[in-house]
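Chemist: So that you have it, the file is input16.txt, and it contains compact mmCIF, C-alpha atoms and all ligand atoms:
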# COMPACT_ATOMS: atom_id res chain seq x y z
CA MET H 1 29.44 -44.89 -18.97
CA TRP H 2 26.06 -43.33 -18.29
CA ARG H 3 24.71 -41.21 -21.12
CA CYS H 4 21.65 -39.06 -20.84
CA PRO H 5 19.24 -39.68 -23.70
CA PHE H 6 18.77 -35.96 -24.21
CA GLY H 7 22.35 -34.73 -24.21
CA ASP H 8 23.76 -32.35 -21.61
CA THR H 9 21.13 -29.67 -21.92
CA VAL H 10 17.55 -29.57 -22.98
CA ALA H 11 17.32 -26.07 -24.36
CA ALA H 12 15.53 -24.20 -27.11
CA ARG H 13 14.07 -26.67 -29.58
CA LEU H 14 15.36 -30.18 -29.09
CA LEU H 15 14.09 -32.70 -31.53
CA LEU H 16 15.22 -36.25 -31.16
CA ARG H 17 14.30 -38.79 -33.73
CA CYS H 18 14.30 -42.51 -33.31
CA ARG H 19 12.27 -45.42 -34.59
CA SER H 20 10.37 -46.07 -31.41
CA ALA H 21 7.28 -48.06 -30.71
CA ARG H 22 4.05 -46.12 -30.45
CA LEU H 23 2.92 -45.22 -26.98
CA THR H 24 -0.33 -46.45 -25.57
CA GLY H 25 -1.48 -43.36 -23.73
CA ALA H 26 -5.21 -43.72 -23.97
CA ALA H 27 -7.87 -43.75 -26.64
CA GLY H 28 -6.85 -40.26 -27.76
CA VAL H 29 -3.88 -39.47 -29.92
CA ARG H 30 -2.97 -35.96 -28.82
CA ILE H 31 -3.19 -35.18 -25.12
CA GLY H 32 -2.84 -31.72 -23.62
CA VAL H 33 -1.17 -31.81 -20.20
CA VAL H 34 -1.58 -28.83 -17.89
CA SER H 35 -0.79 -28.19 -14.25
CA ASP H 36 -0.91 -25.44 -11.65
CA ILE H 37 -3.53 -23.33 -13.40
CA HIS H 38 -4.04 -21.49 -10.10
CA SER H 39 -7.28 -19.73 -11.03
CA ASN H 40 -5.57 -17.84 -13.85
CA LEU H 41 -8.37 -18.06 -16.41
CA VAL H 42 -6.69 -15.83 -19.00
CA ALA H 43 -3.60 -18.04 -19.04
CA PHE H 44 -5.67 -21.23 -19.09
CA GLU H 45 -7.68 -20.05 -22.11
CA ALA H 46 -4.49 -19.09 -23.96
CA VAL H 47 -2.91 -22.47 -23.24
CA LEU H 48 -5.96 -24.37 -24.45
CA ASP H 49 -5.97 -22.33 -27.66
CA ALA H 50 -2.29 -23.14 -28.18
CA LEU H 51 -2.71 -26.86 -27.49
CA ARG H 52 -5.71 -27.47 -29.75
CA PRO H 53 -6.56 -29.69 -31.44
CA ILE H 54 -6.45 -32.17 -28.56
CA ASP H 55 -8.30 -35.42 -27.99
CA GLN H 56 -7.95 -35.30 -24.22
CA LEU H 57 -6.91 -32.86 -21.51
CA TRP H 58 -5.04 -34.06 -18.41
CA CYS H 59 -4.67 -31.72 -15.42
CA LEU H 60 -2.12 -32.37 -12.69
CA GLY H 61 -3.75 -30.33 -9.93
CA ASP H 62 -3.70 -26.90 -8.31
CA ILE H 63 -6.54 -25.76 -10.50
CA VAL H 64 -7.32 -23.10 -7.89
CA GLY H 65 -5.36 -20.96 -5.43
CA TYR H 66 -3.40 -17.69 -5.92
CA GLY H 67 -5.44 -16.36 -8.87
CA PRO H 68 -8.74 -14.50 -9.36
CA ARG H 69 -11.10 -16.93 -11.16
CA PRO H 70 -11.32 -20.31 -9.35
CA ASN H 71 -14.87 -21.29 -10.36
CA GLU H 72 -14.35 -20.30 -13.98
CA CYS H 73 -11.16 -22.37 -14.27
CA VAL H 74 -12.91 -25.44 -12.88
CA GLU H 75 -15.84 -24.86 -15.25
CA LEU H 76 -13.51 -24.57 -18.23
CA LEU H 77 -11.72 -27.78 -17.24
CA LYS H 78 -15.04 -29.58 -16.79
CA SER H 79 -16.20 -28.37 -20.21
CA GLU H 80 -13.45 -30.47 -21.82
CA ARG H 81 -15.49 -33.55 -22.49
CA LYS H 82 -12.57 -35.95 -22.16
CA HIS H 83 -10.51 -34.81 -19.26
CA LEU H 84 -8.70 -36.33 -16.29
CA ALA H 85 -7.54 -34.46 -13.22
CA VAL H 86 -5.88 -35.05 -9.87
CA ALA H 87 -5.97 -32.88 -6.76
CA GLY H 88 -3.15 -30.56 -5.73
CA ASN H 89 -2.39 -29.08 -2.32
CA HIS H 90 -4.16 -25.81 -3.16
CA ASP H 91 -7.28 -27.66 -4.34
CA CYS H 92 -7.33 -29.60 -1.07
CA ALA H 93 -6.73 -26.47 1.02
CA ALA H 94 -9.55 -24.57 -0.69
CA ILE H 95 -12.09 -27.16 0.41
CA GLY H 96 -10.63 -27.74 3.87
CA LYS H 97 -9.30 -31.22 3.10
CA ILE H 98 -5.87 -30.14 4.34
CA GLY H 99 -4.91 -27.26 6.62
CA ILE H 100 -3.00 -24.18 5.52
CA ASP H 101 -0.39 -24.28 8.29
CA ASP H 102 2.29 -25.28 5.79
CA PHE H 103 1.40 -22.48 3.36
CA ASN H 104 3.38 -19.26 3.31
CA THR H 105 1.52 -16.09 4.29
CA PHE H 106 0.49 -15.10 0.77
CA ALA H 107 -0.54 -18.61 -0.25
CA ALA H 108 -2.60 -18.89 2.93
CA LEU H 109 -4.33 -15.54 2.30
CA ALA H 110 -5.15 -16.60 -1.24
CA ALA H 111 -6.36 -20.02 -0.05
CA GLN H 112 -8.76 -18.37 2.38
CA TRP H 113 -10.02 -15.98 -0.29
CA THR H 114 -10.45 -18.90 -2.70
CA ALA H 115 -12.38 -20.96 -0.15
CA ASP H 116 -14.85 -18.08 0.22
CA GLN H 117 -15.45 -17.88 -3.54
CA LEU H 118 -16.11 -21.53 -4.36
CA SER H 119 -19.53 -22.48 -5.66
CA ALA H 120 -21.14 -25.69 -4.42
CA GLU H 121 -20.43 -27.26 -7.83
CA THR H 122 -16.76 -26.34 -7.74
CA ARG H 123 -16.43 -27.59 -4.20
CA ALA H 124 -18.03 -30.93 -5.11
CA TYR H 125 -15.77 -31.29 -8.14
CA LEU H 126 -12.60 -30.62 -6.12
CA GLN H 127 -13.80 -32.91 -3.34
CA ALA H 128 -14.12 -35.82 -5.77
CA LEU H 129 -10.66 -35.50 -7.34
CA PRO H 130 -8.29 -38.44 -6.73
CA THR H 131 -4.69 -37.79 -5.67
CA LEU H 132 -3.33 -40.33 -8.16
CA THR H 133 -4.73 -41.69 -11.37
CA ALA H 134 -3.52 -43.59 -14.41
CA ALA H 135 -4.26 -43.70 -18.13
CA GLY H 136 -2.60 -46.28 -20.34
CA GLU H 137 1.14 -46.12 -19.68
CA PHE H 138 0.90 -42.82 -17.77
CA THR H 139 0.52 -42.18 -14.04
CA LEU H 140 -0.71 -38.71 -13.03
CA ALA H 141 0.10 -37.01 -9.72
CA HIS H 142 0.40 -33.44 -8.48
CA GLY H 143 3.62 -33.55 -6.45
CA SER H 144 5.02 -37.03 -7.00
CA PRO H 145 3.73 -40.59 -7.11
CA ARG H 146 5.38 -41.10 -3.70
CA GLY H 147 3.87 -38.02 -2.07
CA PRO H 148 1.07 -36.87 -4.40
CA ILE H 149 0.01 -33.76 -2.49
CA TRP H 150 3.19 -32.31 -1.07
CA GLU H 151 6.46 -33.74 -2.42
CA TYR H 152 8.44 -31.47 -4.76
CA LEU H 153 10.50 -33.17 -7.46
CA LEU H 154 13.25 -30.64 -8.02
CA ASP H 155 16.32 -32.83 -8.47
CA ALA H 156 17.46 -36.29 -9.46
CA ASN H 157 17.70 -37.50 -5.84
CA ALA H 158 14.05 -36.80 -5.13
CA ALA H 159 12.99 -38.24 -8.47
CA ARG H 160 15.00 -41.44 -7.93
CA LEU H 161 12.75 -42.47 -5.04
CA SER H 162 9.62 -41.78 -7.05
CA PHE H 163 10.43 -44.25 -9.79
CA ASP H 164 9.61 -47.05 -7.31
CA HIS H 165 6.11 -45.68 -6.79
CA PHE H 166 4.50 -46.02 -10.20
CA GLU H 167 4.02 -48.74 -12.76
CA GLY H 168 4.82 -48.34 -16.43
CA PRO H 169 7.23 -46.05 -18.23
CA PHE H 170 5.72 -42.58 -17.70
CA CYS H 171 4.63 -40.38 -14.82
CA LEU H 172 3.35 -36.81 -15.11
CA VAL H 173 3.74 -34.39 -12.19
CA GLY H 174 3.40 -30.67 -11.49
CA HIS H 175 3.70 -28.71 -8.22
CA THR H 176 7.17 -27.19 -8.72
CA HIS H 177 5.97 -24.85 -11.51
CA VAL H 178 9.21 -25.69 -13.34
CA PRO H 179 9.01 -27.57 -16.66
CA SER H 180 11.36 -30.50 -16.37
CA ILE H 181 12.13 -34.11 -17.15
CA PHE H 182 13.61 -36.90 -15.05
CA ALA H 183 14.97 -39.86 -16.97
CA ARG H 184 15.89 -43.26 -15.56
CA SER H 185 18.18 -45.39 -17.68
CA PRO H 186 17.72 -49.15 -18.04
CA GLU H 187 20.59 -49.47 -15.53
CA GLY H 188 18.68 -47.40 -12.95
CA ASP H 189 20.61 -44.11 -13.15
CA VAL H 190 18.47 -40.97 -12.87
CA GLN H 191 19.18 -37.57 -14.32
CA ALA H 192 17.16 -34.35 -14.14
CA HIS H 193 16.79 -31.65 -16.79
CA ARG H 194 14.96 -28.38 -16.82
CA ILE H 195 13.17 -27.56 -20.03
CA LEU H 196 13.98 -24.10 -21.37
CA GLY H 197 11.51 -22.62 -23.82
CA SER H 198 9.87 -25.04 -26.20
CA ALA H 199 11.23 -28.53 -26.59
CA GLU H 200 10.23 -31.83 -28.09
CA ILE H 201 11.51 -35.20 -26.99
CA GLU H 202 11.09 -38.75 -28.16
CA LEU H 203 9.53 -40.92 -25.46
CA GLY H 204 9.62 -44.44 -26.76
CA ARG H 205 13.01 -45.69 -25.58
CA PRO H 206 13.07 -49.32 -24.56
CA GLY H 207 14.00 -49.78 -20.91
CA TRP H 208 13.90 -46.07 -20.09
CA ARG H 209 11.36 -44.51 -17.73
CA PHE H 210 10.43 -40.85 -17.47
CA ILE H 211 8.81 -38.37 -15.11
CA LEU H 212 7.65 -35.27 -16.98
CA ASN H 213 6.58 -31.93 -15.55
CA PRO H 214 4.66 -29.60 -17.90
CA GLY H 215 5.41 -26.48 -15.83
CA SER H 216 2.71 -24.11 -14.63
CA VAL H 217 -0.10 -22.53 -16.61
CA GLY H 218 -1.02 -19.83 -14.14
CA GLN H 219 2.11 -19.00 -12.16
CA PRO H 220 5.41 -20.04 -13.83
CA ARG H 221 8.45 -19.99 -11.52
CA ASP H 222 11.36 -20.48 -13.88
CA ASP H 223 12.00 -16.81 -14.73
CA ASP H 224 9.91 -17.15 -17.87
CA ARG H 225 6.58 -15.43 -17.37
CA ARG H 226 4.85 -17.20 -20.25
CA ALA H 227 2.35 -19.95 -19.43
CA SER H 228 3.77 -23.46 -19.76
CA CYS H 229 2.14 -26.67 -20.95
CA LEU H 230 2.86 -30.02 -22.57
CA ALA H 231 1.41 -31.97 -25.49
CA VAL H 232 1.81 -35.74 -25.57
CA ASP H 233 1.32 -37.34 -28.96
CA THR H 234 0.78 -41.04 -28.41
CA ASP H 235 0.86 -41.74 -32.12
CA ARG H 236 4.21 -40.08 -32.80
CA GLY H 237 5.59 -41.00 -29.37
CA THR H 238 6.61 -37.46 -28.50
CA ALA H 239 6.23 -34.98 -25.65
CA THR H 240 6.35 -31.30 -26.61
CA TRP H 241 6.62 -28.41 -24.15
CA HIS H 242 5.13 -25.10 -25.20
CA ARG H 243 5.44 -21.59 -23.75
CA VAL H 244 2.43 -19.41 -24.39
CA GLU H 245 2.11 -15.62 -24.18
CA TYR H 246 -1.04 -14.40 -22.45
CA ASP H 247 -2.46 -11.09 -21.26
CA ILE H 248 -0.75 -10.95 -17.87
CA ALA H 249 -1.99 -7.41 -17.20
CA ARG H 250 -5.58 -8.60 -17.48
CA THR H 251 -5.08 -11.29 -14.84
CA GLN H 252 -3.25 -8.79 -12.63
CA GLU H 253 -6.14 -6.33 -12.92
CA MET H 254 -8.63 -9.05 -11.93
CA MET H 255 -6.45 -9.86 -8.92
CA ARG H 256 -6.28 -6.22 -7.83
CA GLN H 257 -10.05 -5.89 -8.12
CA VAL H 258 -10.59 -8.71 -5.65
CA LYS H 259 -7.71 -7.50 -3.44
CA LEU H 260 -5.45 -10.52 -3.65
CA PRO H 261 -1.97 -9.83 -2.17
CA ALA H 262 0.18 -7.43 -4.24
CA ARG H 263 3.12 -9.79 -4.14
CA LEU H 264 1.08 -12.47 -5.92
CA VAL H 265 0.02 -9.91 -8.52
CA GLU H 266 3.58 -8.72 -9.08
CA ARG H 267 5.24 -12.11 -9.47
CA LEU H 268 3.24 -12.97 -12.60
CA ALA H 269 5.09 -10.28 -14.54
CA HIS H 270 8.42 -11.89 -13.74
CA GLY H 271 7.82 -15.62 -13.67
CA TRP H 272 8.99 -16.36 -10.14
ZN ZN Z 1 0.97 -24.98 -7.61
Just give me the structure as structure tokens.
Ligand code: ZN

Modeler:
Amino acid sequence: MWRCPFGDTVAARLLLRCRSARLTGAAGVRIGVVSDIHSNLVAFEAVLDALRPIDQLWCLGDIVGYGPRPNECVELLKSERKHLAVAGNHDCAAIGKIGIDDFNTFAALAAQWTADQLSAETRAYLQALPTLTAAGEFTLAHGSPRGPIWEYLLDANAARLSFDHFEGPFCLVGHTHVPSIFARSPEGDVQAHRILGSAEIELGRPGWRFILNPGSVGQPRDDDRRASCLAVDTDRGTATWHRVEYDIARTQEMMRQVKLPARLVERLAHGW
């Protein structure tokens, strides 16, 4: 009988202990994983404060789009000496690499506003981002390893296909703005879990493979308005999700000042 390694629900604080092998993530020991910052500088700063100390920062795309401070968010990411990043659909749209036909009205308005704000340095940085990258046993993508820019991994069926598109035991994705984990058993069964609140899981399970989503820094969509992020500890072999309070009103005020759509301002207070 198939048994999920994390029980039926991953809720509140879940701490699983087992004598696992150490992970080989990269040279660093503690890696901060962020995604979907969406130009929300206040949230990004709060998340970095909460994650420190970190040896590396990995960003899963959508650094810009929706929010009021695109250049500053890229600058802050670049200031992390050891960082890796991949491009998301909003990053690509902001520099004209993809069209905005598939964006909803508000996302398209924000993408156009963002494109007008970008400095030459920001534009060059976004232009150079890969859509997939790897570090040690981890593959990094925005949407999925199968469709890095656009595919949403929201359920086990979608995730099942993705496991054939990366090597090694771990893949990190964003894009859905929902912190979650997809686990594939040694027999090939796949199960999906949403992460509620803070949670810590043990990663080193022989034969198992995982796709992890840290949730969104700048625009959470799981009815929890706090910024979301993940810390991977390659020494302890754990992944820990954190929810971080930040000054939402300050970001909203910045958005109003630059006349971003009211709906995008409003949603931050609710987490949808
Ligand atoms: Zn996004």

Chemist: Could you list, as number ranges by chain, all the residues within 8 Å of ligand ZN 1 (chain Z), counting only C-alpha atoms and all ligand atoms?

Modeler: H: 35-38, 61-62, 65, 88-90, 174-177, 216, 219

Chemist: CA of Val47 in chain H and CA of Val244 in chain H are how many Å apart?

Modeler: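 A separation of 6.3 Å between them.
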
Chemist: Can you tell me which residues surround Tyr246 in chain H at a distance of at most 7 Å, considering only C-alpha atoms, apart from same-chain residues fewer than 2 positions away, and format the answer as a list in words?

Modeler: Val42, Ala43, Ala46, Arg226, Val244 and Ile248 of chain H

Chemist: Would you compute the distance between CA of Gly271 in chain H and CA of Gly67 in chain H? Give it in Å to one decimal.

Modeler: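 These atoms are spaced 14.1 Å apart.
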
Chemist: Using 7 Å as the limit and counting all atoms listed in the file, can you tabulate each residue of range 54-87 of chain H that touches range 127-148 of chain H, with its shortest atom-to-atom distance in Å and the two atoms involved, as a tab-separated table?

Modeler:
residue	atom	partner	partner_atom	distance
H:Leu60	CA	H:His142	CA	5.0
H:Gly61	CA	H:His142	CA	5.4
H:Ala85	CA	H:Leu129	CA	6.7
H:Val86	CA	H:Thr131	CA	5.2
H:Ala87	CA	H:Thr131	CA	5.2

Chemist: Kindly save the residues from that selection, with C-alpha atoms included, as an mmCIF file, in the coordinates of the input.

Modeler:
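Produced file again20.cif, reproduced below:
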data_model
loop_
_atom_site.group_PDB
_atom_site.id
_atom_site.type_symbol
_atom_site.label_atom_id
_atom_site.label_comp_id
_atom_site.auth_asym_id
_atom_site.auth_seq_id
_atom_site.Cartn_x
_atom_site.Cartn_y
_atom_site.Cartn_z
ATOM 1 C CA LEU H 60 -2.120 -32.370 -12.690
ATOM 2 C CA GLY H 61 -3.750 -30.330 -9.930
ATOM 3 C CA ALA H 85 -7.540 -34.460 -13.220
ATOM 4 C CA VAL H 86 -5.880 -35.050 -9.870
ATOM 5 C CA ALA H 87 -5.970 -32.880 -6.760
#

Chemist: Measure the distance from CA of Pro214 in chain H to CA of Pro53 in chain H in Å and round it to one decimal.

Modeler: 17.6 Å

Chemist: Need to verify the contact set: Phe163 in chain H, 9 Å, all atoms listed in the file, exclusion of same-chain residues closer than 2 positions in sequence. Can you return it as a VMD selection string?

Modeler: chain H and resid 145 to 146 159 to 161 165 to 167 171 184 209 to 211

Chemist: Which polymer residues, protein or nucleic acid, are no farther than 8 Å from (17.2, -36.5, -11.2), counting only C-alpha atoms, as a PDB file with C-alpha atoms, in the coordinates of the input?

Modeler:
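part-v2.pdb, freshly written:
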ATOM      1  CA  LEU H 154      13.250 -30.640  -8.020  1.00  0.00           C
ATOM      2  CA  ASP H 155      16.320 -32.830  -8.470  1.00  0.00           C
ATOM      3  CA  ALA H 156      17.460 -36.290  -9.460  1.00  0.00           C
ATOM      4  CA  ASN H 157      17.700 -37.500  -5.840  1.00  0.00           C
ATOM      5  CA  ALA H 158      14.050 -36.800  -5.130  1.00  0.00           C
ATOM      6  CA  ALA H 159      12.990 -38.240  -8.470  1.00  0.00           C
ATOM      7  CA  ARG H 160      15.000 -41.440  -7.930  1.00  0.00           C
ATOM      8  CA  PHE H 182      13.610 -36.900 -15.050  1.00  0.00           C
ATOM      9  CA  ALA H 183      14.970 -39.860 -16.970  1.00  0.00           C
ATOM     10  CA  VAL H 190      18.470 -40.970 -12.870  1.00  0.00           C
ATOM     11  CA  GLN H 191      19.180 -37.570 -14.320  1.00  0.00           C
ATOM     12  CA  ALA H 192      17.160 -34.350 -14.140  1.00  0.00           C
ATOM     13  CA  HIS H 193      16.790 -31.650 -16.790  1.00  0.00           C
TER      14      HIS H 193
END

Chemist: Out of H:Asp222, H:Glu253, H:Glu266, H:Glu200, which residue has the shortest atom-to-atom distance to Trp241 in chain H when counting only C-alpha atoms?

Modeler: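 Result for the nearest residue to Trp241 in chain H: H:Glu200.
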
Chemist: Taking 5 positions as the minimum chain separation for residues in the same chain, which residues sit within 10 Å of Leu268 in chain H when counting only C-alpha atoms? Answer as a count of residues only.

Modeler: 14
